[in-house]
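What follows is structure39.csv (CSV, C-alpha atoms).
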chain,number,residue,atom,x,y,z
A,1026,MET,CA,-86.9,-37.4,56.4
A,1027,ASN,CA,-83.5,-39.1,55.9
A,1028,LEU,CA,-80.9,-36.8,54.3
A,1029,ILE,CA,-78.4,-38.6,52.1
A,1030,LEU,CA,-75.1,-37.0,51.1
A,1031,ALA,CA,-74.2,-38.4,47.7
A,1032,SER,CA,-70.5,-37.5,48.1
A,1033,ALA,CA,-67.3,-38.9,49.5
A,1034,SER,CA,-65.9,-35.4,50.0
A,1035,PRO,CA,-64.7,-34.9,53.6
A,1036,ARG,CA,-65.2,-31.2,53.2
A,1037,ARG,CA,-68.9,-31.5,52.4
A,1038,LYS,CA,-69.3,-34.0,55.2
A,1039,ASP,CA,-67.6,-31.6,57.6
A,1040,LEU,CA,-69.7,-28.6,56.5
A,1041,LEU,CA,-73.0,-30.5,56.9
A,1042,THR,CA,-71.9,-31.7,60.4
A,1043,GLN,CA,-70.9,-28.1,61.4
A,1044,ALA,CA,-74.4,-27.0,60.3
A,1045,GLY,CA,-75.9,-29.5,62.7
A,1046,LEU,CA,-77.5,-31.7,60.1
A,1047,SER,CA,-77.8,-35.4,60.5
A,1048,PHE,CA,-77.2,-37.4,57.3
A,1049,THR,CA,-76.1,-40.7,55.8
A,1050,LEU,CA,-73.2,-41.0,53.3
A,1051,ARG,CA,-74.0,-42.6,50.0
A,1052,PRO,CA,-71.3,-41.6,47.5
A,1053,ALA,CA,-72.6,-41.7,44.0
A,1054,ASP,CA,-70.8,-42.9,40.9
A,1055,ALA,CA,-72.2,-40.9,37.9
A,1056,ASP,CA,-71.1,-40.2,34.4
A,1057,GLU,CA,-69.1,-36.9,34.6
A,1058,THR,CA,-68.6,-36.4,30.8
A,1059,LEU,CA,-69.9,-33.2,29.3
A,1060,CYS,CA,-69.5,-31.3,26.1
A,1061,GLY,CA,-66.5,-29.0,26.3
A,1062,CYS,CA,-68.8,-26.1,25.3
A,1063,THR,CA,-71.0,-26.5,28.4
A,1064,PRO,CA,-71.0,-23.3,30.5
A,1065,PRO,CA,-69.7,-23.8,34.1
A,1066,GLU,CA,-73.0,-23.2,35.8
A,1067,ALA,CA,-74.7,-25.7,33.5
A,1068,ALA,CA,-71.9,-28.2,34.0
A,1069,VAL,CA,-72.1,-28.2,37.8
A,1070,THR,CA,-75.9,-28.3,38.0
A,1071,THR,CA,-76.0,-31.2,35.4
A,1072,LEU,CA,-73.4,-33.2,37.3
A,1073,ALA,CA,-75.1,-32.6,40.7
A,1074,LEU,CA,-78.4,-33.8,39.2
A,1075,ARG,CA,-76.7,-36.9,37.7
A,1076,LYS,CA,-75.1,-37.7,41.1
A,1077,ALA,CA,-78.4,-37.3,42.9
A,1078,LYS,CA,-80.2,-39.7,40.6
A,1079,ALA,CA,-77.3,-42.2,40.9
A,1080,ALA,CA,-77.6,-42.2,44.7
A,1081,PHE,CA,-81.4,-42.4,44.7
A,1082,LYS,CA,-82.9,-45.7,45.8
A,1083,ASN,CA,-86.6,-44.9,45.3
A,1084,SER,CA,-87.4,-44.3,48.9
A,1085,PRO,CA,-89.9,-41.5,49.5
A,1086,ASP,CA,-88.5,-40.7,53.0
A,1087,GLU,CA,-85.0,-39.9,51.5
A,1088,VAL,CA,-83.8,-36.6,50.3
A,1089,ILE,CA,-80.6,-36.8,48.3
A,1090,LEU,CA,-78.1,-34.0,48.5
A,1091,ALA,CA,-75.5,-34.0,45.7
A,1092,ALA,CA,-73.0,-31.4,44.6
A,1093,ASP,CA,-70.3,-30.7,42.1
A,1094,THR,CA,-67.6,-28.0,42.1
A,1095,VAL,CA,-65.5,-26.6,39.3
A,1096,VAL,CA,-63.1,-23.8,38.9
A,1097,ALA,CA,-63.4,-21.7,35.8
A,1098,LEU,CA,-61.3,-19.1,34.1
A,1099,GLY,CA,-63.6,-17.5,31.6
A,1100,ARG,CA,-65.3,-20.5,30.0
A,1101,HIS,CA,-62.4,-22.8,30.6
A,1102,ILE,CA,-63.3,-25.3,33.3
A,1103,PHE,CA,-60.7,-26.8,35.6
A,1104,GLY,CA,-61.7,-30.0,37.4
A,1105,LYS,CA,-59.5,-32.1,39.6
A,1106,PRO,CA,-56.0,-32.4,38.2
A,1107,SER,CA,-55.0,-35.9,37.1
A,1108,SER,CA,-51.3,-35.3,37.8
A,1109,ARG,CA,-48.8,-33.0,39.5
A,1110,GLU,CA,-47.9,-31.6,36.1
A,1111,GLU,CA,-51.5,-30.8,35.3
A,1112,ALA,CA,-51.9,-29.2,38.7
A,1113,LYS,CA,-48.8,-27.0,38.0
A,1114,GLU,CA,-50.3,-25.9,34.7
A,1115,MET,CA,-53.6,-25.0,36.4
A,1116,LEU,CA,-52.0,-22.9,39.2
A,1117,ALA,CA,-49.8,-21.1,36.6
A,1118,LEU,CA,-52.9,-20.2,34.6
A,1119,LEU,CA,-54.7,-19.0,37.7
A,1120,SER,CA,-51.7,-17.0,38.9
A,1121,GLY,CA,-52.5,-13.2,39.3
A,1122,LYS,CA,-56.0,-13.7,37.9
A,1123,THR,CA,-59.6,-13.7,39.1
A,1124,HIS,CA,-61.4,-17.0,38.5
A,1125,GLN,CA,-64.8,-18.3,39.4
A,1126,VAL,CA,-65.7,-21.3,41.6
A,1127,TYR,CA,-69.1,-22.8,40.8
A,1128,THR,CA,-70.8,-25.4,43.0
A,1129,GLY,CA,-74.0,-27.0,41.7
A,1130,VAL,CA,-76.3,-28.5,44.3
A,1131,CYS,CA,-79.2,-30.9,43.8
A,1132,LEU,CA,-81.8,-31.8,46.4
A,1133,TYR,CA,-83.7,-34.8,45.0
A,1134,GLN,CA,-86.6,-36.8,46.3
A,1135,SER,CA,-88.3,-37.7,43.0
A,1136,GLU,CA,-88.5,-36.5,39.4
A,1137,GLU,CA,-91.4,-34.3,40.6
A,1138,HIS,CA,-89.7,-33.1,43.8
A,1139,LEU,CA,-86.3,-31.7,43.1
A,1140,ASP,CA,-84.3,-28.4,43.6
A,1141,VAL,CA,-81.2,-27.7,41.5
A,1142,PHE,CA,-79.2,-24.5,42.0
A,1143,PHE,CA,-75.6,-23.2,41.9
A,1144,ALA,CA,-73.4,-20.7,43.7
A,1145,ARG,CA,-70.6,-18.7,42.2
A,1146,THR,CA,-67.7,-17.1,44.0
A,1147,ASP,CA,-64.9,-14.9,42.4
A,1148,VAL,CA,-61.4,-15.8,43.7
A,1149,THR,CA,-58.3,-13.7,42.9
A,1150,PHE,CA,-54.9,-15.3,43.2
A,1151,TYR,CA,-51.7,-13.4,44.0
A,1152,PRO,CA,-49.2,-13.6,41.2
A,1153,LEU,CA,-47.4,-16.8,41.9
A,1154,THR,CA,-43.7,-17.5,41.4
A,1155,ASP,CA,-42.5,-20.9,40.2
A,1156,ALA,CA,-41.1,-21.6,43.7
A,1157,GLU,CA,-44.5,-20.8,45.3
A,1158,ILE,CA,-46.2,-23.2,43.0
A,1159,GLN,CA,-43.6,-25.9,43.6
A,1160,ASP,CA,-43.9,-25.4,47.4
A,1161,TYR,CA,-47.7,-25.8,47.2
A,1162,LEU,CA,-47.4,-28.9,45.0
A,1163,ASN,CA,-44.9,-30.4,47.4
A,1164,SER,CA,-47.6,-30.2,50.1
A,1165,GLY,CA,-49.7,-32.7,48.1
A,1166,GLU,CA,-52.8,-30.6,48.9
A,1167,TYR,CA,-53.7,-30.1,45.3
A,1168,ALA,CA,-54.8,-33.7,44.8
A,1169,ASP,CA,-58.5,-34.2,44.5
A,1170,LYS,CA,-59.3,-30.5,44.4
A,1171,ALA,CA,-61.0,-28.6,41.6
A,1172,GLY,CA,-58.5,-26.1,40.2
A,1173,ALA,CA,-55.7,-27.8,42.1
A,1174,TYR,CA,-56.0,-25.9,45.4
A,1175,GLY,CA,-57.9,-26.0,48.6
A,1176,ILE,CA,-58.7,-22.6,50.0
A,1177,GLN,CA,-59.3,-24.1,53.5
A,1178,GLY,CA,-55.7,-25.2,53.7
A,1179,LEU,CA,-52.4,-24.0,52.4
A,1180,GLY,CA,-54.1,-23.0,49.2
A,1181,GLY,CA,-55.5,-20.1,51.1
A,1182,LEU,CA,-52.0,-18.5,51.0
A,1183,LEU,CA,-52.4,-18.3,47.2
A,1184,VAL,CA,-55.6,-16.2,47.5
A,1185,LYS,CA,-55.5,-12.4,47.4
A,1186,LYS,CA,-59.3,-11.9,47.8
A,1187,ILE,CA,-62.6,-13.5,47.3
A,1188,ASP,CA,-66.0,-12.1,46.4
A,1189,GLY,CA,-68.8,-14.4,47.4
A,1190,ASP,CA,-69.3,-17.4,49.7
A,1191,PHE,CA,-66.1,-18.8,51.1
A,1192,TYR,CA,-67.8,-22.2,51.8
A,1193,ASN,CA,-68.7,-22.4,48.1
A,1194,VAL,CA,-65.0,-22.4,47.4
A,1195,VAL,CA,-64.5,-25.1,50.0
A,1196,GLY,CA,-67.1,-27.2,48.1
A,1197,LEU,CA,-70.6,-26.5,49.4
A,1198,PRO,CA,-72.4,-23.2,49.9
A,1199,ILE,CA,-73.7,-24.4,53.2
A,1200,ALA,CA,-75.9,-21.4,54.2
A,1201,GLN,CA,-77.6,-21.5,50.8
A,1202,VAL,CA,-78.0,-25.3,51.1
A,1203,VAL,CA,-79.7,-25.1,54.5
A,1204,ARG,CA,-82.1,-22.4,53.2
A,1205,HIS,CA,-83.0,-24.5,50.2
A,1206,LEU,CA,-83.4,-27.6,52.4
A,1207,ARG,CA,-85.9,-25.7,54.6
A,1208,ALA,CA,-87.9,-24.6,51.6
A,1209,PHE,CA,-87.6,-28.1,50.0
A,1210,LEU,CA,-89.2,-29.8,52.9
Write-out of the structure in structure tokens:
Amino acid sequence: MNLILASASPRRKDLLTQAGLSFTLRPADADETLCGCTPPEAAVTTLALRKAKAAFKNSPDEVILAADTVVALGRHIFGKPSSREEAKEMLALLSGKTHQVYTGVCLYQSEEHLDVFFARTDVTFYPLTDAEIQDYLNSGEYADKAGAYGIQGLGGLLVKKIDGDFYNVVGLPIAQVVRHLRAFL
């Protein structure tokens, strides 16, 4: 079996490597548009499946691993910010509140052989001052991160507590992925 990671995420790559898995990178370009009314868990699983299908090359010895992560406050989904200003707005909205991080994962070998699941982690931010938000934005770390923060870096200083899988917040619930991979094969 040849495991294919359908992602350009350095965090997902690192987590798979730390888990001792060998894999090939094949980032997928898939349509990420969804109805604004889509619940977060449906959004991440739908996008993970789309990415897996986009990376699939009809080879029976390949298993595609695709994932998508979003931050949600209630039913409002935060993806990756398109600008510093949007990142500032996201962080201000998350300040002092508990939000959810959802990661959808798809293991795909064919239409008949696939496994799609998601993980959810609750994350509570400290109340953030404007200066704290600006300092974090000045780090540049917010770019290319769902919800405009990375818990594994300086963004961890914004977090008061988490309830759930830390690695899900990083971008891949690796222990759950490994268990699903074992059952999938």
Shell around Asn1027 in chain A at 8 Å using only C-alpha atoms, local window under 3 positions removed, as a PyMOL selection string: chain A and resi 1048-1049+1086-1088
Exercise: residues within 10 Å of coordinate (-75.8, -36.7, 40.7), counting all atoms listed in the file, as number ranges by chain: A: 1031-1032, 1052-1057, 1069-1081, 1089-1093, 1129-1133
Close residues, range 1061-1063 of chain A itself excluded, 10 Å, all atoms listed in the file, min 3 positions apart in chain, as a PyMOL selection string: chain A and resi 1058+1066-1069+1071+1100-1102
Contact residues around Val1126 in chain A with only C-alpha atoms at 9 Å, ignoring same-chain residues under 4 positions, as a PyMOL selection string: chain A and resi 1065+1094-1098+1144-1148+1171-1172+1193-1194+1196
Computed interatomic separation between CA of Lys1113 in chain A and CA of Thr1128 in chain A (Å):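 CA of Thr1128 in chain A lies at a distance of 22.6 Å from CA of Lys1113 in chain A.
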Atomic distance CA of Ile1158 in chain A - CA of Met1115 in chain A, expressed in Å with one decimal: 10.1 Å
Among the residues A:Gly1175, A:Pro1085, A:Pro1198, A:Gly1181, the one that comes closest to Lys1105 in chain A [using only C-alpha atoms]: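 Ranking A:Gly1175, A:Pro1085, A:Pro1198, A:Gly1181 by distance to Lys1105 in chain A, first place goes to A:Gly1175.
Distance annotation: of A:Asn1163, A:Pro1106, A:Asp1140, A:Arg1037, the residue with the minimal separation from Arg1204 in chain A is A:Asp1140; atom set is only C-alpha atoms.
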